[in-house]
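With PDB, N, CA and C atoms inside, this is model-v4.pdb:
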ATOM      1  N   MET C   1     -10.055 -19.472 -19.370
ATOM      2  CA  MET C   1      -9.816 -20.003 -18.027
ATOM      3  C   MET C   1     -10.491 -19.082 -17.024
ATOM      4  N   LEU C   2     -11.303 -19.677 -16.157
ATOM      5  CA  LEU C   2     -11.936 -18.918 -15.084
ATOM      6  C   LEU C   2     -10.903 -18.654 -13.993
ATOM      7  N   VAL C   3     -10.840 -17.414 -13.523
ATOM      8  CA  VAL C   3      -9.930 -17.044 -12.445
ATOM      9  C   VAL C   3     -10.745 -16.239 -11.437
ATOM     10  N   VAL C   4     -10.832 -16.753 -10.217
ATOM     11  CA  VAL C   4     -11.621 -16.086  -9.183
ATOM     12  C   VAL C   4     -10.820 -15.964  -7.886
ATOM     13  N   THR C   5     -11.193 -14.994  -7.072
ATOM     14  CA  THR C   5     -10.527 -14.798  -5.783
ATOM     15  C   THR C   5     -11.201 -15.592  -4.668
ATOM     16  N   THR C   6     -12.315 -16.207  -4.973
ATOM     17  CA  THR C   6     -13.075 -16.968  -3.979
ATOM     18  C   THR C   6     -12.675 -18.441  -4.000
ATOM     19  N   GLU C   7     -13.150 -19.194  -2.991
ATOM     20  CA  GLU C   7     -12.821 -20.619  -2.956
ATOM     21  C   GLU C   7     -13.833 -21.461  -3.720
ATOM     22  N   LYS C   8     -14.919 -20.865  -4.155
ATOM     23  CA  LYS C   8     -15.936 -21.538  -4.962
ATOM     24  C   LYS C   8     -16.239 -20.670  -6.179
ATOM     25  N   ILE C   9     -16.784 -21.314  -7.211
ATOM     26  CA  ILE C   9     -17.200 -20.588  -8.411
ATOM     27  C   ILE C   9     -18.704 -20.770  -8.533
ATOM     28  N   GLU C  10     -19.433 -19.686  -8.445
ATOM     29  CA  GLU C  10     -20.887 -19.740  -8.526
ATOM     30  C   GLU C  10     -21.328 -20.453  -9.803
ATOM     31  N   GLY C  11     -22.192 -21.455  -9.634
ATOM     32  CA  GLY C  11     -22.712 -22.198 -10.784
ATOM     33  C   GLY C  11     -21.808 -23.321 -11.268
ATOM     34  N   TYR C  12     -20.698 -23.552 -10.572
ATOM     35  CA  TYR C  12     -19.758 -24.611 -10.953
ATOM     36  C   TYR C  12     -19.490 -25.514  -9.760
ATOM     37  N   GLU C  13     -19.088 -26.727 -10.071
ATOM     38  CA  GLU C  13     -18.681 -27.678  -9.048
ATOM     39  C   GLU C  13     -17.209 -28.015  -9.276
ATOM     40  N   ILE C  14     -16.423 -27.967  -8.199
ATOM     41  CA  ILE C  14     -15.009 -28.320  -8.292
ATOM     42  C   ILE C  14     -14.917 -29.842  -8.329
ATOM     43  N   LYS C  15     -14.437 -30.384  -9.441
ATOM     44  CA  LYS C  15     -14.348 -31.838  -9.617
ATOM     45  C   LYS C  15     -12.985 -32.386  -9.190
ATOM     46  N   GLU C  16     -11.950 -31.558  -9.354
ATOM     47  CA  GLU C  16     -10.597 -32.029  -9.040
ATOM     48  C   GLU C  16      -9.703 -30.834  -8.714
ATOM     49  N   VAL C  17      -8.874 -30.993  -7.700
ATOM     50  CA  VAL C  17      -7.882 -29.983  -7.356
ATOM     51  C   VAL C  17      -6.546 -30.447  -7.924
ATOM     52  N   LYS C  18      -5.970 -29.620  -8.795
ATOM     53  CA  LYS C  18      -4.697 -29.975  -9.428
ATOM     54  C   LYS C  18      -3.497 -29.528  -8.584
ATOM     55  N   GLY C  19      -3.667 -28.460  -7.823
ATOM     56  CA  GLY C  19      -2.584 -27.981  -6.962
ATOM     57  C   GLY C  19      -2.300 -26.504  -7.151
ATOM     58  N   ALA C  20      -1.266 -26.050  -6.484
ATOM     59  CA  ALA C  20      -0.878 -24.639  -6.541
ATOM     60  C   ALA C  20      -0.334 -24.296  -7.923
ATOM     61  N   CYS C  21      -0.699 -23.119  -8.403
ATOM     62  CA  CYS C  21      -0.160 -22.625  -9.670
ATOM     63  C   CYS C  21       0.292 -21.186  -9.445
ATOM     64  N   TYR C  22       1.244 -20.743 -10.249
ATOM     65  CA  TYR C  22       1.757 -19.393 -10.058
ATOM     66  C   TYR C  22       2.362 -18.864 -11.354
ATOM     67  N   GLY C  23       2.541 -17.581 -11.383
ATOM     68  CA  GLY C  23       3.255 -16.904 -12.455
ATOM     69  C   GLY C  23       4.115 -15.833 -11.809
ATOM     70  N   LEU C  24       5.381 -15.806 -12.130
ATOM     71  CA  LEU C  24       6.344 -14.908 -11.486
ATOM     72  C   LEU C  24       7.007 -14.009 -12.524
ATOM     73  N   VAL C  25       7.145 -12.719 -12.180
ATOM     74  CA  VAL C  25       7.817 -11.754 -13.051
ATOM     75  C   VAL C  25       8.708 -10.874 -12.180
ATOM     76  N   VAL C  26       9.936 -10.661 -12.624
ATOM     77  CA  VAL C  26      10.829  -9.697 -11.983
ATOM     78  C   VAL C  26      11.160  -8.667 -13.055
ATOM     79  N   ARG C  27      10.866  -7.410 -12.754
ATOM     80  CA  ARG C  27      11.062  -6.347 -13.741
ATOM     81  C   ARG C  27      11.946  -5.250 -13.163
ATOM     82  N   SER C  28      12.660  -4.597 -14.054
ATOM     83  CA  SER C  28      13.488  -3.458 -13.672
ATOM     84  C   SER C  28      13.207  -2.329 -14.643
ATOM     85  N   ARG C  29      13.160  -1.148 -14.148
ATOM     86  CA  ARG C  29      12.970   0.035 -14.991
ATOM     87  C   ARG C  29      14.315   0.351 -15.633
ATOM     88  N   GLY C  30      14.316   0.720 -16.904
ATOM     89  CA  GLY C  30      15.539   1.124 -17.588
ATOM     90  C   GLY C  30      16.095   2.415 -17.007
ATOM     91  N   PHE C  31      17.326   2.715 -17.328
ATOM     92  CA  PHE C  31      17.999   3.895 -16.773
ATOM     93  C   PHE C  31      17.220   5.178 -17.038
ATOM     94  N   ALA C  32      16.775   5.386 -18.276
ATOM     95  CA  ALA C  32      16.043   6.613 -18.624
ATOM     96  C   ALA C  32      14.750   6.713 -17.816
ATOM     97  N   GLY C  33      14.057   5.593 -17.666
ATOM     98  CA  GLY C  33      12.825   5.582 -16.883
ATOM     99  C   GLY C  33      13.076   5.865 -15.417
ATOM    100  N   GLN C  34      14.206   5.380 -14.889
ATOM    101  CA  GLN C  34      14.543   5.642 -13.491
ATOM    102  C   GLN C  34      14.820   7.116 -13.261
ATOM    103  N   VAL C  35      15.518   7.737 -14.211
ATOM    104  CA  VAL C  35      15.824   9.163 -14.091
ATOM    105  C   VAL C  35      14.525   9.968 -14.122
ATOM    106  N   THR C  36      13.661   9.670 -15.092
ATOM    107  CA  THR C  36      12.384  10.382 -15.205
ATOM    108  C   THR C  36      11.554  10.192 -13.943
ATOM    109  N   ALA C  37      11.474   8.969 -13.455
ATOM    110  CA  ALA C  37      10.705   8.679 -12.239
ATOM    111  C   ALA C  37      11.300   9.395 -11.034
ATOM    112  N   SER C  38      12.624   9.433 -10.945
ATOM    113  CA  SER C  38      13.275  10.131  -9.832
ATOM    114  C   SER C  38      12.944  11.624  -9.847
ATOM    115  N   LEU C  39      12.965  12.212 -11.028
ATOM    116  CA  LEU C  39      12.619  13.632 -11.145
ATOM    117  C   LEU C  39      11.160  13.872 -10.762
ATOM    118  N   ARG C  40      10.279  12.997 -11.202
ATOM    119  CA  ARG C  40       8.855  13.122 -10.862
ATOM    120  C   ARG C  40       8.631  12.992  -9.355
ATOM    121  N   SER C  41       9.406  12.125  -8.702
ATOM    122  CA  SER C  41       9.209  11.918  -7.269
ATOM    123  C   SER C  41       9.558  13.171  -6.463
ATOM    124  N   LEU C  42      10.364  14.063  -7.037
ATOM    125  CA  LEU C  42      10.715  15.304  -6.340
ATOM    126  C   LEU C  42       9.519  16.245  -6.207
ATOM    127  N   VAL C  43       8.620  16.234  -7.187
ATOM    128  CA  VAL C  43       7.468  17.135  -7.153
ATOM    129  C   VAL C  43       6.212  16.468  -6.613
ATOM    130  N   GLY C  44       6.248  15.152  -6.437
ATOM    131  CA  GLY C  44       5.104  14.431  -5.884
ATOM    132  C   GLY C  44       4.109  14.018  -6.960
ATOM    133  N   GLY C  45       3.105  13.276  -6.556
ATOM    134  CA  GLY C  45       2.085  12.806  -7.481
ATOM    135  C   GLY C  45       2.391  11.412  -7.994
ATOM    136  N   GLU C  46       1.555  10.968  -8.925
ATOM    137  CA  GLU C  46       1.719   9.634  -9.483
ATOM    138  C   GLU C  46       2.973   9.549 -10.339
ATOM    139  N   ILE C  47       3.690   8.458 -10.191
ATOM    140  CA  ILE C  47       4.873   8.210 -11.020
ATOM    141  C   ILE C  47       4.430   7.216 -12.087
ATOM    142  N   LYS C  48       3.990   7.760 -13.205
ATOM    143  CA  LYS C  48       3.350   6.968 -14.254
ATOM    144  C   LYS C  48       4.265   5.893 -14.831
ATOM    145  N   GLU C  49       5.557   6.130 -14.855
ATOM    146  CA  GLU C  49       6.495   5.135 -15.382
ATOM    147  C   GLU C  49       6.447   3.847 -14.560
ATOM    148  N   TYR C  50       6.377   3.985 -13.238
ATOM    149  CA  TYR C  50       6.318   2.812 -12.375
ATOM    150  C   TYR C  50       4.921   2.193 -12.360
ATOM    151  N   THR C  51       3.894   3.027 -12.453
ATOM    152  CA  THR C  51       2.530   2.496 -12.537
ATOM    153  C   THR C  51       2.396   1.588 -13.742
ATOM    154  N   GLN C  52       2.877   2.036 -14.895
ATOM    155  CA  GLN C  52       2.797   1.239 -16.113
ATOM    156  C   GLN C  52       3.644  -0.029 -15.997
ATOM    157  N   LEU C  53       4.823   0.090 -15.400
ATOM    158  CA  LEU C  53       5.702  -1.065 -15.209
ATOM    159  C   LEU C  53       5.000  -2.148 -14.384
ATOM    160  N   LEU C  54       4.383  -1.750 -13.272
ATOM    161  CA  LEU C  54       3.724  -2.718 -12.396
ATOM    162  C   LEU C  54       2.445  -3.268 -13.018
ATOM    163  N   GLU C  55       1.724  -2.433 -13.757
ATOM    164  CA  GLU C  55       0.535  -2.907 -14.453
ATOM    165  C   GLU C  55       0.894  -3.985 -15.476
ATOM    166  N   ASP C  56       1.930  -3.726 -16.261
ATOM    167  CA  ASP C  56       2.395  -4.706 -17.254
ATOM    168  C   ASP C  56       2.881  -5.990 -16.582
ATOM    169  N   ALA C  57       3.604  -5.838 -15.461
ATOM    170  CA  ALA C  57       4.131  -7.002 -14.750
ATOM    171  C   ALA C  57       2.989  -7.857 -14.192
ATOM    172  N   ARG C  58       1.933  -7.226 -13.678
ATOM    173  CA  ARG C  58       0.784  -7.992 -13.161
ATOM    174  C   ARG C  58       0.094  -8.763 -14.271
ATOM    175  N   LYS C  59      -0.085  -8.119 -15.415
ATOM    176  CA  LYS C  59      -0.703  -8.797 -16.557
ATOM    177  C   LYS C  59       0.137  -9.998 -16.988
ATOM    178  N   GLN C  60       1.446  -9.825 -17.027
ATOM    179  CA  GLN C  60       2.344 -10.910 -17.430
ATOM    180  C   GLN C  60       2.325 -12.040 -16.400
ATOM    181  N   ALA C  61       2.319 -11.707 -15.117
ATOM    182  CA  ALA C  61       2.274 -12.727 -14.065
ATOM    183  C   ALA C  61       0.956 -13.506 -14.130
ATOM    184  N   LEU C  62      -0.152 -12.817 -14.368
ATOM    185  CA  LEU C  62      -1.452 -13.467 -14.497
ATOM    186  C   LEU C  62      -1.462 -14.416 -15.697
ATOM    187  N   ASP C  63      -0.891 -13.971 -16.808
ATOM    188  CA  ASP C  63      -0.809 -14.805 -18.008
ATOM    189  C   ASP C  63       0.035 -16.050 -17.746
ATOM    190  N   ARG C  64       1.153 -15.884 -17.075
ATOM    191  CA  ARG C  64       2.019 -17.031 -16.757
ATOM    192  C   ARG C  64       1.329 -18.006 -15.818
ATOM    193  N   MET C  65       0.562 -17.480 -14.862
ATOM    194  CA  MET C  65      -0.155 -18.340 -13.926
ATOM    195  C   MET C  65      -1.209 -19.167 -14.667
ATOM    196  N   THR C  66      -1.959 -18.552 -15.566
ATOM    197  CA  THR C  66      -2.985 -19.300 -16.291
ATOM    198  C   THR C  66      -2.351 -20.352 -17.209
ATOM    199  N   LYS C  67      -1.201 -20.044 -17.797
ATOM    200  CA  LYS C  67      -0.495 -21.041 -18.614
ATOM    201  C   LYS C  67      -0.022 -22.200 -17.743
ATOM    202  N   ASN C  68       0.444 -21.905 -16.534
ATOM    203  CA  ASN C  68       0.874 -22.948 -15.599
ATOM    204  C   ASN C  68      -0.303 -23.844 -15.226
ATOM    205  N   ALA C  69      -1.447 -23.249 -14.932
ATOM    206  CA  ALA C  69      -2.639 -24.025 -14.569
ATOM    207  C   ALA C  69      -3.117 -24.874 -15.748
ATOM    208  N   HIS C  70      -3.088 -24.305 -16.935
ATOM    209  CA  HIS C  70      -3.484 -25.052 -18.135
ATOM    210  C   HIS C  70      -2.577 -26.262 -18.345
ATOM    211  N   ALA C  71      -1.274 -26.083 -18.147
ATOM    212  CA  ALA C  71      -0.315 -27.182 -18.298
ATOM    213  C   ALA C  71      -0.568 -28.288 -17.271
ATOM    214  N   MET C  72      -1.181 -27.941 -16.141
ATOM    215  CA  MET C  72      -1.512 -28.920 -15.102
ATOM    216  C   MET C  72      -2.820 -29.643 -15.416
ATOM    217  N   GLY C  73      -3.518 -29.211 -16.452
ATOM    218  CA  GLY C  73      -4.789 -29.832 -16.811
ATOM    219  C   GLY C  73      -5.997 -29.163 -16.182
ATOM    220  N   ALA C  74      -5.830 -27.962 -15.657
ATOM    221  CA  ALA C  74      -6.926 -27.238 -15.010
ATOM    222  C   ALA C  74      -7.678 -26.379 -16.027
ATOM    223  N   ASN C  75      -8.923 -26.059 -15.684
ATOM    224  CA  ASN C  75      -9.687 -25.118 -16.506
ATOM    225  C   ASN C  75     -10.150 -23.909 -15.698
ATOM    226  N   ALA C  76      -9.699 -23.847 -14.427
ATOM    227  CA  ALA C  76     -10.052 -22.714 -13.572
ATOM    228  C   ALA C  76      -9.013 -22.562 -12.468
ATOM    229  N   ILE C  77      -8.999 -21.358 -11.892
ATOM    230  CA  ILE C  77      -8.115 -21.064 -10.761
ATOM    231  C   ILE C  77      -8.967 -20.412  -9.683
ATOM    232  N   ILE C  78      -8.910 -20.972  -8.483
ATOM    233  CA  ILE C  78      -9.623 -20.387  -7.347
ATOM    234  C   ILE C  78      -8.607 -19.802  -6.373
ATOM    235  N   MET C  79      -9.092 -18.965  -5.477
ATOM    236  CA  MET C  79      -8.264 -18.336  -4.435
ATOM    237  C   MET C  79      -7.089 -17.552  -5.028
ATOM    238  N   PHE C  80      -7.335 -16.887  -6.158
ATOM    239  CA  PHE C  80      -6.305 -16.121  -6.848
ATOM    240  C   PHE C  80      -5.881 -14.904  -6.027
ATOM    241  N   ARG C  81      -4.568 -14.646  -6.019
ATOM    242  CA  ARG C  81      -3.995 -13.493  -5.319
ATOM    243  C   ARG C  81      -2.778 -12.972  -6.080
ATOM    244  N   PHE C  82      -2.436 -11.721  -5.812
ATOM    245  CA  PHE C  82      -1.173 -11.124  -6.256
ATOM    246  C   PHE C  82      -0.335 -10.870  -5.019
ATOM    247  N   ASP C  83       0.972 -10.947  -5.167
ATOM    248  CA  ASP C  83       1.891 -10.527  -4.119
ATOM    249  C   ASP C  83       3.039  -9.813  -4.820
ATOM    250  N   SER C  84       3.700  -8.935  -4.110
ATOM    251  CA  SER C  84       4.813  -8.208  -4.730
ATOM    252  C   SER C  84       5.879  -7.904  -3.695
ATOM    253  N   GLY C  85       7.060  -7.629  -4.201
ATOM    254  CA  GLY C  85       8.174  -7.285  -3.340
ATOM    255  C   GLY C  85       9.257  -6.599  -4.152
ATOM    256  N   GLU C  86      10.271  -6.178  -3.480
ATOM    257  CA  GLU C  86      11.390  -5.509  -4.142
ATOM    258  C   GLU C  86      12.636  -6.363  -4.015
ATOM    259  N   ILE C  87      13.429  -6.333  -5.064
ATOM    260  CA  ILE C  87      14.721  -7.000  -5.064
ATOM    261  C   ILE C  87      15.737  -5.908  -5.385
ATOM    262  N   GLY C  88      16.605  -5.626  -4.459
ATOM    263  CA  GLY C  88      17.543  -4.532  -4.671
ATOM    264  C   GLY C  88      16.809  -3.198  -4.679
ATOM    265  N   GLN C  89      17.427  -2.210  -5.295
ATOM    266  CA  GLN C  89      16.848  -0.866  -5.284
ATOM    267  C   GLN C  89      15.955  -0.572  -6.483
ATOM    268  N   ASN C  90      16.083  -1.344  -7.563
ATOM    269  CA  ASN C  90      15.322  -0.970  -8.753
ATOM    270  C   ASN C  90      14.612  -2.144  -9.437
ATOM    271  N   MET C  91      14.394  -3.228  -8.715
ATOM    272  CA  MET C  91      13.692  -4.365  -9.303
ATOM    273  C   MET C  91      12.448  -4.689  -8.477
ATOM    274  N   SER C  92      11.382  -5.024  -9.181
ATOM    275  CA  SER C  92      10.128  -5.408  -8.530
ATOM    276  C   SER C  92       9.781  -6.834  -8.907
ATOM    277  N   GLU C  93       9.327  -7.572  -7.914
ATOM    278  CA  GLU C  93       8.884  -8.947  -8.134
ATOM    279  C   GLU C  93       7.361  -8.957  -7.983
ATOM    280  N   ILE C  94       6.674  -9.550  -8.953
ATOM    281  CA  ILE C  94       5.226  -9.713  -8.884
ATOM    282  C   ILE C  94       4.938 -11.194  -9.065
ATOM    283  N   VAL C  95       4.126 -11.751  -8.172
ATOM    284  CA  VAL C  95       3.715 -13.144  -8.326
ATOM    285  C   VAL C  95       2.189 -13.204  -8.278
ATOM    286  N   ALA C  96       1.623 -13.932  -9.224
ATOM    287  CA  ALA C  96       0.195 -14.243  -9.227
ATOM    288  C   ALA C  96       0.099 -15.712  -8.836
ATOM    289  N   TYR C  97      -0.790 -16.048  -7.900
ATOM    290  CA  TYR C  97      -0.874 -17.434  -7.474
ATOM    291  C   TYR C  97      -2.301 -17.804  -7.087
ATOM    292  N   GLY C  98      -2.567 -19.092  -7.121
ATOM    293  CA  GLY C  98      -3.883 -19.596  -6.755
ATOM    294  C   GLY C  98      -3.866 -21.113  -6.768
ATOM    295  N   THR C  99      -5.055 -21.699  -6.763
ATOM    296  CA  THR C  99      -5.190 -23.150  -6.789
ATOM    297  C   THR C  99      -5.820 -23.551  -8.118
ATOM    298  N   ALA C 100      -5.109 -24.375  -8.876
ATOM    299  CA  ALA C 100      -5.592 -24.862 -10.164
ATOM    300  C   ALA C 100      -6.597 -25.982  -9.925
ATOM    301  N   VAL C 101      -7.764 -25.884 -10.578
ATOM    302  CA  VAL C 101      -8.820 -26.881 -10.397
ATOM    303  C   VAL C 101      -9.483 -27.216 -11.730
ATOM    304  N   VAL C 102     -10.205 -28.316 -11.716
ATOM    305  CA  VAL C 102     -11.105 -28.662 -12.825
ATOM    306  C   VAL C 102     -12.505 -28.368 -12.296
ATOM    307  N   ALA C 103     -13.194 -27.474 -12.989
ATOM    308  CA  ALA C 103     -14.544 -27.082 -12.593
ATOM    309  C   ALA C 103     -15.514 -27.401 -13.717
ATOM    310  N   GLU C 104     -16.699 -27.883 -13.326
ATOM    311  CA  GLU C 104     -17.742 -28.183 -14.310
ATOM    312  C   GLU C 104     -19.016 -27.446 -13.917
ATOM    313  N   LYS C 105     -19.771 -27.039 -14.922
ATOM    314  CA  LYS C 105     -21.056 -26.383 -14.664
ATOM    315  C   LYS C 105     -21.917 -27.283 -13.795
ATOM    316  N   SER C 106     -22.526 -26.680 -12.794
ATOM    317  CA  SER C 106     -23.383 -27.425 -11.887
ATOM    318  C   SER C 106     -24.738 -27.661 -12.533
ATOM    319  N   ASP C 107     -25.342 -28.819 -12.260
ATOM    320  CA  ASP C 107     -26.673 -29.122 -12.772
ATOM    321  C   ASP C 107     -27.752 -28.370 -12.019
ATOM    322  N   GLN C 108     -27.449 -27.987 -10.780
ATOM    323  CA  GLN C 108     -28.430 -27.300  -9.929
ATOM    324  C   GLN C 108     -28.321 -25.801 -10.139
ATOM    325  N   GLN C 109     -29.363 -25.221 -10.744
ATOM    326  CA  GLN C 109     -29.364 -23.775 -10.939
ATOM    327  C   GLN C 109     -30.724 -23.210 -10.782
TER     328      GLN C 109
END

Full structure transcribed into structure tokens:
Amino acid sequence: MLVVTTEKIEGYEIKEVKGACYGLVVRSRGFAGQVTASLRSLVGGEIKEYTQLLEDARKQALDRMTKNAHAMGANAIIMFRFDSGEIGQNMSEIVAYGTAVVAEKSDQQ
């Protein structure tokens, strides 16, 4: 599945717009990870436990979004974006979203 941040795909023609598609993930760090991250935050620098958590959550949200678009009959996603937020003190929400489309290779190249 093609996934782009632009509204057009170079070399392709948008034949049909299927609609908005998204993938949502809410993750929480386990107790041990929270303690380790809290201790790391006292000395400063990167908090690798949270970096890995958010990296994994983005990958999962992207995967869910592409599955959603595929279920809609799309073969590409345009205008792709990530958004994130916090729920409570220890949960992160990540959403991947875009517009599901059917794209075909353009004859003009």

Written as a list in words, which residues does the PyMOL selection byres ((chain C and resi 100) around 6.5) give for the file shown?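 Evaluating the PyMOL selection byres ((chain C and resi 100) around 6.5) on these coordinates yields Glu16, Val17, Lys18, Gly19, Ala20, Cys21, Ala69, Ala74, Asn75, Ala76, Ile77, Ile78, Gly98, Thr99, Val101 and Val102 of chain C.
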
Determine the residue membership of the PyMOL selection byres ((chain C and resi 94) around 5) for the file above and supply it as a PyMOL selection string. chain C and resi 24-25+83-84+92-93+95-96

Identify, with DSSP run on backbone atoms, the residues in chain C assigned to helix (DSSP H, G or I), and express the list as a ChimeraX atom specification. /C:31-43,48-71

Give as a PyMOL selection string the residues that the PyMOL selection byres ((chain C and resi 9-12) around 6) matches when applied to the coordinates above. chain C and resi 6-8+13-14+103-106

I need the chosen residues saved as a compact mmCIF listing (two decimals), keeping the file's coordinate frame, with N, CA and C atoms.
# COMPACT_ATOMS: atom_id res chain seq x y z
N THR C 6 -12.32 -16.21 -4.97
CA THR C 6 -13.08 -16.97 -3.98
C THR C 6 -12.68 -18.44 -4.00
N GLU C 7 -13.15 -19.19 -2.99
CA GLU C 7 -12.82 -20.62 -2.96
C GLU C 7 -13.83 -21.46 -3.72
N LYS C 8 -14.92 -20.86 -4.16
CA LYS C 8 -15.94 -21.54 -4.96
C LYS C 8 -16.24 -20.67 -6.18
N GLU C 13 -19.09 -26.73 -10.07
CA GLU C 13 -18.68 -27.68 -9.05
C GLU C 13 -17.21 -28.02 -9.28
N ILE C 14 -16.42 -27.97 -8.20
CA ILE C 14 -15.01 -28.32 -8.29
C ILE C 14 -14.92 -29.84 -8.33
N ALA C 103 -13.19 -27.47 -12.99
CA ALA C 103 -14.54 -27.08 -12.59
C ALA C 103 -15.51 -27.40 -13.72
N GLU C 104 -16.70 -27.88 -13.33
CA GLU C 104 -17.74 -28.18 -14.31
C GLU C 104 -19.02 -27.45 -13.92
N LYS C 105 -19.77 -27.04 -14.92
CA LYS C 105 -21.06 -26.38 -14.66
C LYS C 105 -21.92 -27.28 -13.80
N SER C 106 -22.53 -26.68 -12.79
CA SER C 106 -23.38 -27.42 -11.89
C SER C 106 -24.74 -27.66 -12.53

Using DSSP on the backbone coordinates, identify the residues of chain C assigned to strand (DSSP E or B); present them as a VMD selection string. chain C and resid 2 to 3 12 to 28 76 to 87 91 to 105

May I ask for the distance between atom C of Met1 (chain C) and atom N of Thr51 (chain C), given in Å to one decimal place?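 So the answer is 26.8 Å.
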
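For the residues C:Gly23, C:Glu55, C:Glu46, C:Phe80, ranking by smallest atom-to-atom distance to Thr5 (chain C) using all atoms listed in the file places C:Phe80 first.
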
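Atom pair atom N of Phe82 (chain C) / atom C of Tyr97 (chain C): separated by 6.2 Å.
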
Atom-to-atom span, CA of Met65 (chain C) and CA of Val3 (chain C), Å: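 It comes out at 10.0 Å.
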
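Distances from C:Met91, C:Ala71, C:Tyr22, C:Arg81 to Leu53 (chain C) were compared using only C-alpha atoms, and the smallest one belongs to C:Met91.
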